[in-house]
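Q: So I've got this file, coords.csv, and it contains CSV, C-alpha atoms:
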chain,number,residue,atom,x,y,z
A,1,MET,CA,-13.2,-15.9,73.4
A,2,ASN,CA,-13.2,-19.4,74.6
A,3,LYS,CA,-12.3,-22.5,72.5
A,4,GLU,CA,-15.9,-23.5,71.9
A,5,GLU,CA,-16.8,-20.0,70.5
A,6,LEU,CA,-13.7,-19.9,68.4
A,7,ILE,CA,-14.7,-23.2,66.8
A,8,ALA,CA,-18.3,-22.1,66.3
A,9,HIS,CA,-17.1,-18.9,64.6
A,10,TYR,CA,-14.8,-20.8,62.4
A,11,PHE,CA,-17.4,-23.1,61.1
A,12,ASN,CA,-20.0,-20.5,60.4
A,13,GLY,CA,-17.4,-18.5,58.4
A,14,GLN,CA,-17.5,-15.4,60.6
A,15,ILE,CA,-14.2,-15.8,62.4
A,16,SER,CA,-12.0,-12.6,62.6
A,17,LYS,CA,-8.4,-12.4,61.6
A,18,GLU,CA,-7.4,-12.4,65.3
A,19,GLY,CA,-9.7,-15.3,66.0
A,20,PHE,CA,-8.2,-17.3,63.2
A,21,LEU,CA,-4.7,-16.8,64.5
A,22,GLN,CA,-5.8,-17.6,68.0
A,23,LEU,CA,-7.2,-20.9,66.8
A,24,LYS,CA,-4.0,-21.6,64.9
A,25,THR,CA,-1.9,-21.1,68.0
A,26,LEU,CA,-4.2,-23.3,70.0
A,27,LEU,CA,-3.8,-26.0,67.5
A,28,GLU,CA,0.0,-25.8,67.8
A,29,GLU,CA,0.0,-25.8,71.5
A,30,ASP,CA,-2.8,-27.9,72.7
A,31,ASN,CA,-2.7,-31.5,71.4
A,32,ALA,CA,-6.0,-32.6,72.8
A,33,PHE,CA,-7.7,-29.6,71.3
A,34,LYS,CA,-6.1,-30.4,67.9
A,35,LYS,CA,-7.3,-33.9,68.0
A,36,ASP,CA,-10.8,-32.7,68.6
A,37,PHE,CA,-10.7,-30.1,66.0
A,38,TYR,CA,-9.2,-32.6,63.5
A,39,ALA,CA,-12.2,-34.9,64.0
A,40,GLN,CA,-14.5,-32.0,63.4
A,41,LEU,CA,-12.7,-31.1,60.1
A,42,GLU,CA,-13.2,-34.7,59.1
A,43,VAL,CA,-16.9,-34.4,59.7
A,44,GLN,CA,-17.0,-31.1,57.8
A,45,GLN,CA,-15.1,-32.5,54.8
A,46,THR,CA,-17.1,-35.7,54.7
A,47,ILE,CA,-20.4,-33.9,54.6
A,48,GLY,CA,-19.0,-31.6,52.0
A,49,GLN,CA,-17.9,-34.4,49.8
A,50,GLU,CA,-21.4,-35.9,50.0
A,51,LYS,CA,-23.3,-32.7,49.4
A,52,ASN,CA,-21.1,-31.5,46.6
A,53,ALA,CA,-21.2,-34.6,44.5
A,54,PRO,CA,-24.0,-33.1,42.3
A,55,LEU,CA,-21.9,-30.0,41.7
A,56,LYS,CA,-19.0,-32.1,40.6
A,57,GLU,CA,-21.3,-34.0,38.2
A,58,ARG,CA,-22.4,-30.6,36.9
A,59,PHE,CA,-18.8,-29.6,36.2
A,60,ASN,CA,-18.1,-32.9,34.5
A,61,GLN,CA,-20.9,-32.3,32.2
A,62,LEU,CA,-19.7,-28.8,31.5
A,63,ASN,CA,-16.4,-30.2,30.5
A,64,GLN,CA,-18.1,-32.4,28.0
A,65,LYS,CA,-19.9,-29.6,26.5
A,66,SER,CA,-16.9,-27.3,26.4
A,67,ILE,CA,-14.2,-29.6,25.2
A,68,PRO,CA,-15.6,-29.9,21.7
A,69,LYS,CA,-15.5,-26.1,21.3
A,70,THR,CA,-11.7,-26.0,21.3
A,71,LYS,CA,-10.5,-29.4,20.2
A,72,TRP,CA,-13.4,-31.1,18.4
A,73,TYR,CA,-12.9,-29.2,15.1
A,74,LEU,CA,-9.2,-30.1,15.0
A,75,TYR,CA,-9.8,-33.8,15.7
A,76,ALA,CA,-12.7,-33.8,13.3
A,77,ALA,CA,-10.7,-32.1,10.6
A,78,ALA,CA,-7.7,-34.5,11.1
A,79,ILE,CA,-9.9,-37.5,11.1
A,80,THR,CA,-11.9,-36.4,8.1
A,81,ILE,CA,-8.6,-36.1,6.2
A,82,LEU,CA,-7.5,-39.5,7.4
A,83,ILE,CA,-10.8,-41.1,6.4
A,84,VAL,CA,-10.7,-39.5,3.0
A,85,ILE,CA,-7.2,-40.7,2.4
A,86,GLY,CA,-8.0,-44.1,4.0
A,87,SER,CA,-11.1,-44.6,1.8
A,88,PHE,CA,-8.9,-44.4,-1.3
A,89,PHE,CA,-7.1,-47.5,-0.1
A,90,TYR,CA,-9.9,-49.5,1.4
A,91,ASN,CA,-13.5,-48.9,2.2
A,92,SER,CA,-14.3,-50.2,5.7
A,93,GLN,CA,-15.7,-49.3,9.0
A,94,PRO,CA,-13.5,-49.4,12.2
A,95,ASP,CA,-13.4,-53.0,13.4
A,96,TYR,CA,-15.5,-52.8,16.6
A,97,GLN,CA,-14.7,-56.4,17.6
A,98,ASP,CA,-11.0,-55.7,17.3
A,99,LEU,CA,-11.3,-52.6,19.3
A,100,TYR,CA,-13.2,-54.3,22.0
A,101,ALA,CA,-10.8,-57.2,22.2
A,102,ASN,CA,-7.8,-54.9,22.4
A,103,ASN,CA,-9.3,-52.9,25.2
A,104,PHE,CA,-11.4,-55.2,27.3
A,105,GLU,CA,-9.7,-56.5,30.3
A,106,ALA,CA,-11.4,-57.8,33.4
A,107,TYR,CA,-11.0,-55.3,36.1
A,108,PRO,CA,-8.3,-56.3,38.6
A,109,ASN,CA,-9.3,-57.8,41.8
A,110,VAL,CA,-8.8,-55.0,44.3
A,111,ILE,CA,-11.1,-56.3,46.9
A,112,ALA,CA,-9.8,-59.7,48.1
A,113,PRO,CA,-6.4,-60.6,46.8
A,114,THR,CA,-6.1,-64.3,46.6
A,115,VAL,CA,-3.8,-65.6,49.2
A,116,ARG,CA,-1.9,-68.7,48.3
A,117,GLY,CA,0.0,-71.2,50.4
A,118,PRO,CA,-0.6,-72.8,53.7
A,119,GLU,CA,-1.8,-69.5,55.3
A,120,ALA,CA,-4.7,-69.2,53.1
A,121,PRO,CA,-7.7,-67.9,55.1
A,122,LYS,CA,-10.8,-69.9,55.6
A,123,GLU,CA,-12.8,-70.0,52.5
A,124,SER,CA,-15.5,-67.4,52.6
A,125,LYS,CA,-17.8,-66.7,49.8
A,126,VAL,CA,-16.0,-63.5,49.0
A,127,ALA,CA,-12.7,-65.2,48.8
A,128,LEU,CA,-14.2,-68.0,46.7
A,129,ALA,CA,-15.8,-65.6,44.2
A,130,PHE,CA,-12.6,-63.8,43.7
A,131,GLN,CA,-10.7,-67.0,43.4
A,132,TYR,CA,-12.9,-68.0,40.5
A,133,TYR,CA,-12.5,-64.5,39.1
A,134,ASP,CA,-8.7,-64.5,39.4
A,135,ASN,CA,-8.6,-67.9,37.7
A,136,GLU,CA,-10.6,-66.6,34.9
A,137,ASN,CA,-13.6,-68.8,35.6
A,138,TYR,CA,-15.9,-65.9,35.1
A,139,ALA,CA,-19.2,-67.9,34.7
A,140,LYS,CA,-18.8,-69.3,38.2
A,141,ALA,CA,-17.6,-66.0,39.5
A,142,ALA,CA,-20.6,-64.2,38.1
A,143,GLU,CA,-23.0,-66.5,39.9
A,144,LEU,CA,-21.2,-66.2,43.2
A,145,PHE,CA,-21.0,-62.4,43.0
A,146,LYS,CA,-24.7,-62.4,42.3
A,147,THR,CA,-25.6,-64.2,45.4
A,148,LEU,CA,-23.1,-62.2,47.3
A,149,TYR,CA,-24.8,-59.0,46.2
A,150,LYS,CA,-28.2,-60.3,47.2
A,151,GLU,CA,-26.8,-61.1,50.6
A,152,THR,CA,-24.7,-58.1,51.3
A,153,GLY,CA,-25.8,-55.3,49.0
A,154,GLU,CA,-22.2,-54.4,48.5
A,155,ASP,CA,-21.5,-52.3,45.3
A,156,TYR,CA,-18.4,-54.2,44.5
A,157,ALA,CA,-20.2,-57.5,44.3
A,158,PHE,CA,-22.6,-56.0,41.8
A,159,PHE,CA,-19.8,-54.5,39.8
A,160,TYR,CA,-17.7,-57.7,39.6
A,161,GLN,CA,-20.7,-59.7,38.7
A,162,SER,CA,-21.3,-57.4,35.7
A,163,VAL,CA,-17.6,-57.5,34.6
A,164,SER,CA,-17.6,-61.3,34.9
A,165,LEU,CA,-20.7,-61.4,32.7
A,166,MET,CA,-19.0,-59.3,30.1
A,167,ALA,CA,-15.9,-61.4,30.3
A,168,VAL,CA,-17.9,-64.5,29.4
A,169,GLY,CA,-19.4,-62.7,26.4
A,170,LYS,CA,-22.8,-62.0,27.9
A,171,THR,CA,-22.5,-58.4,26.8
A,172,SER,CA,-26.1,-57.2,26.7
A,173,LYS,CA,-26.8,-58.7,30.0
A,174,ALA,CA,-23.8,-57.0,31.5
A,175,ILE,CA,-24.8,-53.7,30.1
A,176,THR,CA,-28.3,-54.0,31.5
A,177,THR,CA,-27.0,-54.9,34.9
A,178,LEU,CA,-24.6,-52.0,34.9
A,179,GLU,CA,-27.1,-49.6,33.7
A,180,GLN,CA,-29.9,-50.4,36.2
A,181,HIS,CA,-27.6,-49.9,39.2
A,182,ASN,CA,-27.2,-46.4,40.6
A,183,TRP,CA,-23.5,-45.7,40.6
A,184,ASN,CA,-23.6,-42.1,41.7
A,185,GLU,CA,-22.9,-43.1,45.3
A,186,PRO,CA,-20.3,-44.1,46.0
A,187,LYS,CA,-18.4,-42.3,43.4
A,188,ASP,CA,-15.6,-44.9,43.2
A,189,TYR,CA,-17.3,-46.8,40.4
A,190,GLN,CA,-18.6,-44.0,38.3
A,191,THR,CA,-15.9,-43.8,35.7
A,192,ILE,CA,-15.1,-47.4,35.6
A,193,THR,CA,-18.7,-48.4,35.0
A,194,GLN,CA,-19.0,-45.9,32.2
A,195,TRP,CA,-15.9,-47.5,30.7
A,196,TYR,CA,-17.4,-51.0,30.7
A,197,VAL,CA,-20.8,-49.9,29.5
A,198,GLY,CA,-19.0,-48.0,26.7
A,199,LEU,CA,-16.9,-51.1,25.8
A,200,GLY,CA,-20.0,-53.3,25.9
A,201,TYR,CA,-21.8,-51.1,23.3
A,202,LEU,CA,-18.6,-51.1,21.2
A,203,LYS,CA,-18.9,-54.9,21.1
A,204,LEU,CA,-22.6,-54.6,20.2
A,205,GLU,CA,-21.5,-52.1,17.5
A,206,ASN,CA,-23.8,-49.5,18.8
A,207,LYS,CA,-21.5,-46.6,18.0
A,208,GLU,CA,-23.6,-43.7,19.4
A,209,LYS,CA,-24.1,-45.3,22.8
A,210,ALA,CA,-20.5,-46.4,22.9
A,211,LYS,CA,-19.4,-42.8,22.2
A,212,LEU,CA,-21.7,-41.4,24.8
A,213,HIS,CA,-20.2,-43.5,27.6
A,214,LEU,CA,-16.6,-43.4,26.5
A,215,LYS,CA,-16.8,-39.6,26.3
A,216,ASN,CA,-17.7,-39.5,30.0
A,217,VAL,CA,-14.6,-41.5,30.6
A,218,LYS,CA,-12.5,-39.3,28.4
A,219,VAL,CA,-13.3,-36.2,30.4
A,220,SER,CA,-13.1,-37.9,33.7
A,221,GLY,CA,-9.4,-37.2,34.1
A,222,LYS,CA,-9.0,-40.8,35.3
A,223,PRO,CA,-6.2,-43.1,34.1
A,224,LEU,CA,-8.6,-44.6,31.5
A,225,ALA,CA,-9.3,-41.3,29.9
A,226,LYS,CA,-6.4,-41.7,27.4
A,227,GLN,CA,-7.5,-45.1,26.3
A,228,ALA,CA,-11.1,-43.9,25.9
A,229,LYS,CA,-9.9,-41.0,23.8
A,230,GLU,CA,-8.0,-43.3,21.5
A,231,ILE,CA,-11.0,-45.5,20.9
A,232,LEU,CA,-13.2,-42.5,20.3
A,233,GLN,CA,-10.7,-41.3,17.7
A,234,LYS,CA,-10.9,-44.6,15.9
A,235,ILE,CA,-14.7,-44.8,15.8
A,236,GLU,CA,-15.5,-41.1,15.1
B,14,MET,CA,-14.4,-5.6,40.0
B,15,ILE,CA,-18.0,-4.4,39.4
B,16,GLU,CA,-18.6,-7.4,37.3
B,17,ASP,CA,-17.1,-9.6,40.1
B,18,GLN,CA,-19.5,-8.1,42.6
B,19,TYR,CA,-22.4,-8.8,40.3
B,20,LEU,CA,-21.3,-12.4,39.9
B,21,ILE,CA,-21.0,-12.8,43.6
B,22,LYS,CA,-24.4,-11.4,44.1
B,23,GLN,CA,-25.8,-14.0,41.7
B,24,LEU,CA,-23.8,-16.8,43.4
B,25,LYS,CA,-25.2,-15.7,46.8
B,26,GLN,CA,-28.6,-16.4,45.3
B,27,LYS,CA,-27.4,-19.8,44.4
B,28,ASP,CA,-27.4,-19.1,40.7
B,29,LEU,CA,-25.6,-22.1,39.3
B,30,LYS,CA,-25.3,-20.6,35.8
B,31,ALA,CA,-23.1,-18.0,37.4
B,32,LEU,CA,-21.1,-20.8,39.0
B,33,ASP,CA,-20.7,-22.4,35.5
B,34,LYS,CA,-19.3,-19.2,34.3
B,35,VAL,CA,-16.7,-18.9,37.0
B,36,TYR,CA,-15.8,-22.6,36.5
B,37,LEU,CA,-15.2,-22.2,32.8
B,38,THR,CA,-13.6,-18.8,32.8
B,39,TYR,CA,-10.7,-19.7,35.0
B,40,LYS,CA,-10.2,-23.3,34.2
B,41,GLU,CA,-7.5,-23.1,31.6
B,42,GLU,CA,-5.5,-20.6,33.6
B,43,PHE,CA,-5.8,-22.7,36.7
B,44,PHE,CA,-4.5,-25.8,34.9
B,45,LEU,CA,-1.5,-23.9,33.6
B,46,PHE,CA,-0.9,-22.6,37.1
B,47,ALA,CA,-1.2,-26.0,38.7
B,48,LYS,CA,1.1,-27.7,36.3
B,49,GLY,CA,4.0,-26.0,37.9
B,50,PHE,CA,3.5,-28.2,41.0
B,51,SER,CA,4.2,-31.9,41.4
B,52,ILE,CA,0.6,-33.1,41.0
B,53,SER,CA,-0.8,-35.2,38.3
B,54,GLU,CA,-3.1,-33.9,35.6
B,55,GLU,CA,-5.9,-36.1,36.9
B,56,ASP,CA,-5.6,-34.6,40.3
B,57,ILE,CA,-5.7,-31.0,38.9
B,58,GLU,CA,-9.2,-31.4,37.7
B,59,ASP,CA,-10.3,-32.7,41.1
B,60,VAL,CA,-8.5,-29.9,42.9
B,61,TYR,CA,-10.0,-27.3,40.5
B,62,GLN,CA,-13.5,-28.5,41.1
B,63,GLU,CA,-13.0,-28.5,44.8
B,64,THR,CA,-11.6,-25.0,44.6
B,65,VAL,CA,-14.6,-23.7,42.8
B,66,ILE,CA,-16.9,-25.4,45.2
B,67,SER,CA,-15.1,-24.0,48.3
B,68,PHE,CA,-15.3,-20.6,46.7
B,69,TYR,CA,-19.0,-21.1,46.3
B,70,GLU,CA,-19.5,-22.3,49.8
B,71,ASN,CA,-17.6,-19.4,51.2
B,72,ILE,CA,-19.9,-17.0,49.4
B,73,GLN,CA,-22.9,-18.8,50.8
B,74,LYS,CA,-21.4,-18.5,54.2
B,75,GLY,CA,-21.0,-14.8,53.7
B,76,LYS,CA,-17.2,-15.0,54.1
B,77,LEU,CA,-16.9,-12.8,51.0
B,78,ASN,CA,-19.3,-10.0,51.6
B,79,GLN,CA,-16.8,-7.3,50.9
B,80,LEU,CA,-14.4,-8.4,48.2
B,81,THR,CA,-11.0,-6.8,48.9
B,82,SER,CA,-9.3,-8.4,45.9
B,83,SER,CA,-10.6,-9.6,42.6
B,84,LEU,CA,-12.7,-12.7,42.4
B,85,LYS,CA,-9.9,-14.4,40.5
B,86,THR,CA,-7.3,-13.6,43.1
B,87,TYR,CA,-9.5,-15.0,45.8
B,88,LEU,CA,-10.3,-18.1,43.7
B,89,PHE,CA,-6.6,-18.7,43.0
B,90,ALA,CA,-5.7,-18.2,46.7
B,91,ILE,CA,-8.1,-21.1,47.5
B,92,GLY,CA,-6.7,-23.1,44.7
B,93,LYS,CA,-3.1,-22.6,45.7
B,94,PHE,CA,-3.9,-23.8,49.2
B,95,LYS,CA,-5.5,-26.9,47.8
B,96,ILE,CA,-2.6,-27.6,45.4
B,97,TYR,CA,-0.1,-27.4,48.3
B,98,LYS,CA,-2.3,-29.7,50.3
B,99,GLN,CA,-2.5,-32.2,47.4
B,100,ALA,CA,1.2,-32.0,46.7
B,101,LYS,CA,2.0,-32.8,50.3
B,102,LYS,CA,-0.6,-35.6,50.4
B,103,ASN,CA,1.3,-37.3,47.6
B,104,LYS,CA,4.5,-37.2,49.5
B,105,VAL,CA,3.5,-37.9,53.1
B,106,SER,CA,2.0,-41.2,54.2
B,107,TYR,CA,-1.3,-41.0,56.0
B,108,GLU,CA,-0.1,-42.7,59.1
B,109,ASP,CA,1.9,-39.6,59.9
B,110,GLU,CA,0.2,-37.8,62.8
B,111,LEU,CA,-2.7,-35.4,62.3
B,112,VAL,CA,-1.7,-32.7,59.9
B,113,ILE,CA,-4.0,-29.7,59.7
B,114,HIS,CA,-3.2,-27.4,56.8
B,115,ALA,CA,-3.9,-23.7,57.6
B,116,ASP,CA,-4.1,-20.7,55.3
B,117,GLU,CA,-4.4,-17.2,56.9
B,118,GLU,CA,-5.2,-15.5,53.6
B,119,ILE,CA,-8.4,-17.4,53.1
B,120,GLN,CA,-8.8,-18.3,56.8
B,121,THR,CA,-9.2,-22.0,56.1
B,122,PHE,CA,-8.2,-25.2,57.8
B,123,GLU,CA,-8.2,-28.4,55.9
B,124,ILE,CA,-7.0,-31.9,56.2
B,125,ALA,CA,-6.0,-34.5,53.6
B,126,LEU,CA,-8.2,-37.5,53.9
B,127,SER,CA,-7.3,-40.8,52.4
B,128,ASN,CA,-10.0,-42.4,50.2
B,129,GLU,CA,-10.1,-45.3,52.6
B,130,ARG,CA,-10.8,-43.0,55.6
B,131,GLN,CA,-13.3,-41.0,53.6
B,132,LYS,CA,-15.3,-44.1,52.8
B,133,VAL,CA,-15.4,-45.2,56.5
B,134,LEU,CA,-16.4,-41.7,57.6
B,135,LYS,CA,-19.1,-41.5,55.0
B,136,LYS,CA,-20.6,-44.9,55.9
B,137,ALA,CA,-20.5,-44.0,59.6
B,138,PHE,CA,-22.1,-40.6,58.9
B,139,ASN,CA,-24.9,-42.2,56.9
B,140,SER,CA,-25.7,-44.6,59.7
B,141,LEU,CA,-26.3,-41.8,62.1
B,142,GLY,CA,-29.9,-40.9,63.0
B,143,LYS,CA,-31.8,-38.3,61.1
B,144,LYS,CA,-31.6,-35.7,63.8
B,145,CYS,CA,-27.9,-36.1,64.3
B,146,LYS,CA,-27.2,-35.8,60.6
B,147,LYS,CA,-29.3,-32.6,60.3
B,148,VAL,CA,-27.6,-30.9,63.3
B,149,LEU,CA,-24.1,-31.7,62.0
B,150,GLU,CA,-25.0,-30.7,58.5
B,151,LEU,CA,-26.4,-27.4,59.6
B,152,PHE,CA,-23.4,-26.7,61.8
B,153,PHE,CA,-20.5,-27.9,59.6
B,154,TYR,CA,-21.8,-27.6,56.1
B,155,GLU,CA,-24.4,-24.8,56.1
B,156,GLY,CA,-22.4,-22.8,58.6
B,157,LEU,CA,-25.4,-21.9,60.8
B,158,THR,CA,-24.7,-20.6,64.3
B,159,LEU,CA,-26.0,-22.5,67.3
B,160,ASP,CA,-28.7,-19.9,67.8
B,161,GLU,CA,-29.9,-20.3,64.3
B,162,ILE,CA,-30.0,-24.0,64.6
B,163,GLN,CA,-31.8,-23.8,67.9
B,164,ASN,CA,-34.4,-21.7,66.2
B,165,TYR,CA,-34.7,-23.7,63.1
B,166,LEU,CA,-34.9,-27.1,64.8
B,167,LYS,CA,-36.9,-25.7,67.7
B,168,TYR,CA,-34.6,-26.8,70.5
B,169,SER,CA,-35.8,-25.7,74.0
B,170,SER,CA,-32.4,-24.3,74.8
B,171,LYS,CA,-29.0,-23.8,73.4
B,172,ASP,CA,-27.5,-26.1,76.0
B,173,VAL,CA,-29.8,-28.9,74.9
B,174,LEU,CA,-28.6,-28.4,71.3
B,175,LYS,CA,-25.0,-28.3,72.4
B,176,SER,CA,-25.1,-31.6,74.2
B,177,GLN,CA,-27.1,-33.1,71.3
B,178,LYS,CA,-24.3,-32.0,69.0
B,179,SER,CA,-21.5,-33.4,71.1
B,180,ARG,CA,-23.4,-36.7,71.5
B,181,CYS,CA,-23.7,-36.9,67.8
B,182,LEU,CA,-20.0,-36.3,67.3
B,183,LYS,CA,-19.2,-38.9,69.9
B,184,HIS,CA,-21.5,-41.5,68.4
B,185,LEU,CA,-20.0,-40.8,65.0
B,186,LYS,CA,-16.5,-41.3,66.4
B,187,GLU,CA,-17.5,-44.6,67.9
B,188,LEU,CA,-19.0,-45.8,64.6
B,189,VAL,CA,-15.8,-44.9,62.9
B,190,GLU,CA,-13.6,-46.7,65.4
B,191,LYS,CA,-15.8,-49.8,65.2
B,192,ARG,CA,-15.0,-50.1,61.6
B,193,TYR,CA,-11.3,-50.1,62.3
B,194,GLU,CA,-11.4,-52.9,64.8
Using structure tokens, write down the structure from this file.
A:
Amino acid sequence: MNKEELIAHYFNGQISKEGFLQLKTLLEEDNAFKKDFYAQLEVQQTIGQEKNAPLKERFNQLNQKSIPKTKWYLYAAAITILIVIGSFFYNSQPDYQDLYANNFEAYPNVIAPTVRGPEAPKESKVALAFQYYDNENYAKAAELFKTLYKETGEDYAFFYQSVSLMAVGKTSKAITTLEQHNWNEPKDYQTITQWYVGLGYLKLENKEKAKLHLKNVKVSGKPLAKQAKEILQKIE
Amino acid sequence: MIEDQYLIKQLKQKDLKALDKVYLTYKEEFFLFAKGFSISEEDIEDVYQETVISFYENIQKGKLNQLTSSLKTYLFAIGKFKIYKQAKKNKVSYEDELVIHADEEIQTFEIALSNERQKVLKKAFNSLGKKCKKVLELFFYEGLTLDEIQNYLKYSSKDVLKSQKSRCLKHLKELVEKRYE
């Protein structure tokens, strides 16, 4: 079997045991072939990632449905007890504003680190927007990100615009912006936008909506999951 | 085993409820299993989802027509491979030369792509023409043979299709390289 046939058989899933071993040996011995095959695996995995995003989403939703089965009752029981005990001492709702203030933090600038000193690059709009952002001048930053998004269509511009709005206290507006954008592609922003929308609703004291979004963060397995879980426990 | 065969039959017909069942049934055990390796809890969820998806793809491609072991054994064989890959990815820097992970048991080759690289590839792929995308998808993702693709997309000959495919790959490569310049 020649190289081309081997590759074809591999990708349609019908390669024999011998064929597989032959391919493996070739990869060890023939560097040019390996490079070529590597590039093809890259293509395969890239297409796979794209095509399988809906399935991953499906699994994440399954997680949401299935977690309550095992743990929800325990938490609910524990929290009920706490609330009952707590209500003897004082009768109050969780303080949403406090929770928000303790958890909200403008997302770090991971796009264009501000460079200081004589070697600072020529000021582009991106750099300028992030300079405002890093200096906590969020109102100005929001404006610049907005124009930047209009010009480039880059997701990050849209995202940082929304976070800037939230940081200056324009919560409802930030939520609407975040919600109207489709964050399914690329996936990088999926969890983090859920997080900010959830926090926004917390600030607006819309408990149900806050819960909905924070739960998505909780099951995401991402670093923020723990923080989301803690908030959820406090407002349940 | 009989139940396994039934599930596989359902999966072959793209019954996603059956896939949910597989996903939920083995999740807990998989997490316990994966915790023995040096990968973070966040990564385990990712790896598990990818494992179930690969499993599903392999069934679609007919790689599993005759199940010689139980469904679970096969699923975990895929999972183990992915865990190893992930554990190594955490240790090795991407700049190291091209590493192709291979597993004879499940007859799979995979590479560890950095997020950065994945993004570039995705952008490049999406800027290919419609026809190129289709050919590459059918070949690499759907696992169709060249004959099947020729038939499906009505190419006049297999050679025309072959050269189209290599042109598409070449174009993709150029697009990727351009983004690194």
Q: Quick check: residues of chain B within 9 Å of chain A, all atoms listed in the file, returned as a PyMOL selection string.
A: chain B and resi 33+36-37+54-59+62-63+66+71+74-76+111-113+115+117+120-124+126+131-132+134-135+138+149-150+152-159+182+185-186
Q: Taking the point (-18.3, -13.3, 40.6) as given in the file, collect each protein or nucleic acid residue that comes within 10 Å of it, counting all atoms listed in the file, and present the set as a PDB file with C-alpha atoms, in the coordinates of the input.
A:
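Listed below is the output, selection-v3.pdb:
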ATOM      1  CA  MET B  14     -14.400  -5.600  40.000  1.00  0.00           C
ATOM      2  CA  ILE B  15     -18.000  -4.400  39.400  1.00  0.00           C
ATOM      3  CA  GLU B  16     -18.600  -7.400  37.300  1.00  0.00           C
ATOM      4  CA  ASP B  17     -17.100  -9.600  40.100  1.00  0.00           C
ATOM      5  CA  GLN B  18     -19.500  -8.100  42.600  1.00  0.00           C
ATOM      6  CA  TYR B  19     -22.400  -8.800  40.300  1.00  0.00           C
ATOM      7  CA  LEU B  20     -21.300 -12.400  39.900  1.00  0.00           C
ATOM      8  CA  ILE B  21     -21.000 -12.800  43.600  1.00  0.00           C
ATOM      9  CA  LYS B  22     -24.400 -11.400  44.100  1.00  0.00           C
ATOM     10  CA  GLN B  23     -25.800 -14.000  41.700  1.00  0.00           C
ATOM     11  CA  LEU B  24     -23.800 -16.800  43.400  1.00  0.00           C
ATOM     12  CA  LYS B  25     -25.200 -15.700  46.800  1.00  0.00           C
ATOM     13  CA  ALA B  31     -23.100 -18.000  37.400  1.00  0.00           C
ATOM     14  CA  LEU B  32     -21.100 -20.800  39.000  1.00  0.00           C
ATOM     15  CA  LYS B  34     -19.300 -19.200  34.300  1.00  0.00           C
ATOM     16  CA  VAL B  35     -16.700 -18.900  37.000  1.00  0.00           C
ATOM     17  CA  PHE B  68     -15.300 -20.600  46.700  1.00  0.00           C
ATOM     18  CA  TYR B  69     -19.000 -21.100  46.300  1.00  0.00           C
ATOM     19  CA  ILE B  72     -19.900 -17.000  49.400  1.00  0.00           C
ATOM     20  CA  LEU B  80     -14.400  -8.400  48.200  1.00  0.00           C
ATOM     21  CA  SER B  83     -10.600  -9.600  42.600  1.00  0.00           C
ATOM     22  CA  LEU B  84     -12.700 -12.700  42.400  1.00  0.00           C
ATOM     23  CA  LYS B  85      -9.900 -14.400  40.500  1.00  0.00           C
ATOM     24  CA  LEU B  88     -10.300 -18.100  43.700  1.00  0.00           C
TER      25      LEU B  88
END
Q: Quick one: residues within 8 Å of Tyr96 of chain A, only C-alpha atoms, excluding same-chain residues fewer than 5 positions away - as a PyMOL selection string?
A: chain A and resi 202-203+205
Q: What does the structure give for the distance between atom CA of Lys146 of chain B and atom CA of Val133 of chain B, in Å to one decimal?
A: 15.6 Å
Q: What gap, in Å, lies between atom CA of Ile96 of chain B and atom CA of Leu77 of chain B?
A: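 So the answer is 21.3 Å.
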Q: At what distance in Å, to one decimal, does atom CA of Val65 of chain B lie from atom CA of Tyr97 of chain B?
A: 15.9 Å
